[in-house]
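**Q** The structure is given below, and queries will be raised subsequently.
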Amino acid sequence: MANQPGNTAPLPGAGSASSTAAGLDSGTPGQPAAPSFEAALAELEAIVARMESGELPLEQSLAAYKRGAQLLQFCQTALQDAQQQVQILEAGLLQDFSSGDTDE
């Protein structure tokens, strides 16, 4: 399982050393901070592509699925947070614009 032909790069998150490559385990001391949304999404897309290609053995497929589920949760949370921030900003901007228009 180490280096199979056509599988020279380890699956992101599959090995113990790279299990926090995107930093999703930021609660652990010494671990990097959470990745950007874009980095997590790119890693998730790469995992999906590798799984869809059928090149992964069962053990790596299971590890990839687990990592993909973690990345999906991270991305969904990031999107929800961003959506909430946009709603707050829009509400504040709409109030500011309506109060600023009475200055004329």
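For the structure tokens, the naming scheme is as follows: chains receive sequential letters (A, B, ...) according to their order of presentation, residues are indexed from 1 within each chain, and ligands are indexed from 1 in presentation order.
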Need the shell around region 72-83 of chain A: protein/DNA/RNA residues with any atom at most 8 Å away, counting only C-alpha atoms. Skip same-chain ones fewer than 2 positions apart. Format as a list in words?
**A** Leu24, Phe37, Ala40, Leu41, Leu44, Gly68, Ala69, Gln70, Gln85, Val86 and Gln87 of chain A
**Q** Let me see the file: selected residues, N, CA and C atoms, as a tab-separated table (two decimals), in the first residue's frame.
**A**
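out_15.tsv, written as the output of this step:
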chain	number	residue	atom	x	y	z
A	24	LEU	N	-7.71	20.58	9.82
A	24	LEU	CA	-9.04	20.52	10.39
A	24	LEU	C	-9.02	20.19	11.88
A	37	PHE	N	-11.27	28.19	3.02
A	37	PHE	CA	-12.36	27.47	2.36
A	37	PHE	C	-11.89	26.92	1.02
A	40	ALA	N	-9.65	23.82	1.40
A	40	ALA	CA	-10.44	22.65	1.80
A	40	ALA	C	-11.26	22.14	0.62
A	41	LEU	N	-11.86	23.05	-0.15
A	41	LEU	CA	-12.65	22.66	-1.30
A	41	LEU	C	-11.80	22.00	-2.37
A	44	LEU	N	-11.03	18.53	-1.21
A	44	LEU	CA	-12.23	17.70	-1.34
A	44	LEU	C	-12.45	17.30	-2.79
A	68	GLY	N	-12.98	13.19	3.31
A	68	GLY	CA	-13.94	13.96	2.54
A	68	GLY	C	-15.11	14.43	3.39
A	69	ALA	N	-15.58	13.59	4.29
A	69	ALA	CA	-16.67	13.97	5.18
A	69	ALA	C	-16.25	15.11	6.11
A	70	GLN	N	-15.00	15.05	6.59
A	70	GLN	CA	-14.49	16.14	7.43
A	70	GLN	C	-14.40	17.44	6.64
A	85	GLN	N	-22.71	36.26	7.80
A	85	GLN	CA	-22.00	37.54	7.78
A	85	GLN	C	-22.56	38.46	6.70
A	86	VAL	N	-22.87	37.90	5.53
A	86	VAL	CA	-23.44	38.70	4.45
A	86	VAL	C	-24.80	39.24	4.86
A	87	GLN	N	-25.61	38.42	5.49
A	87	GLN	CA	-26.93	38.88	5.93
A	87	GLN	C	-26.81	40.01	6.95
**Q** From the list A:Gln84, A:Ser36, A:Ala42, A:Ala49, which residue is nearest Ser61 (chain A) when using only C-alpha atoms?
**A**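 Of the candidates, the smallest distance to Ser61 (chain A) is held by A:Ala49.
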**Q** Could you work out how far CA of Ile47 (chain A) lies from CA of Lys66 (chain A), giving the answer in Å with one decimal?
**A**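 Between CA of Lys66 (chain A) and CA of Ile47 (chain A) the gap is 10.3 Å.
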**Q** Separation of CA of Glu59 (chain A) and CA of Ala46 (chain A), in Å?
**A**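 One can read the CA of Glu59 (chain A) to CA of Ala46 (chain A) distance as 17.3 Å.
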**Q** Grab the CA of Ala63 (chain A) to CA of Glu43 (chain A) distance for me, in Å with one decimal place.
**A**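 CA of Glu43 (chain A) lies at a distance of 13.5 Å from CA of Ala63 (chain A).
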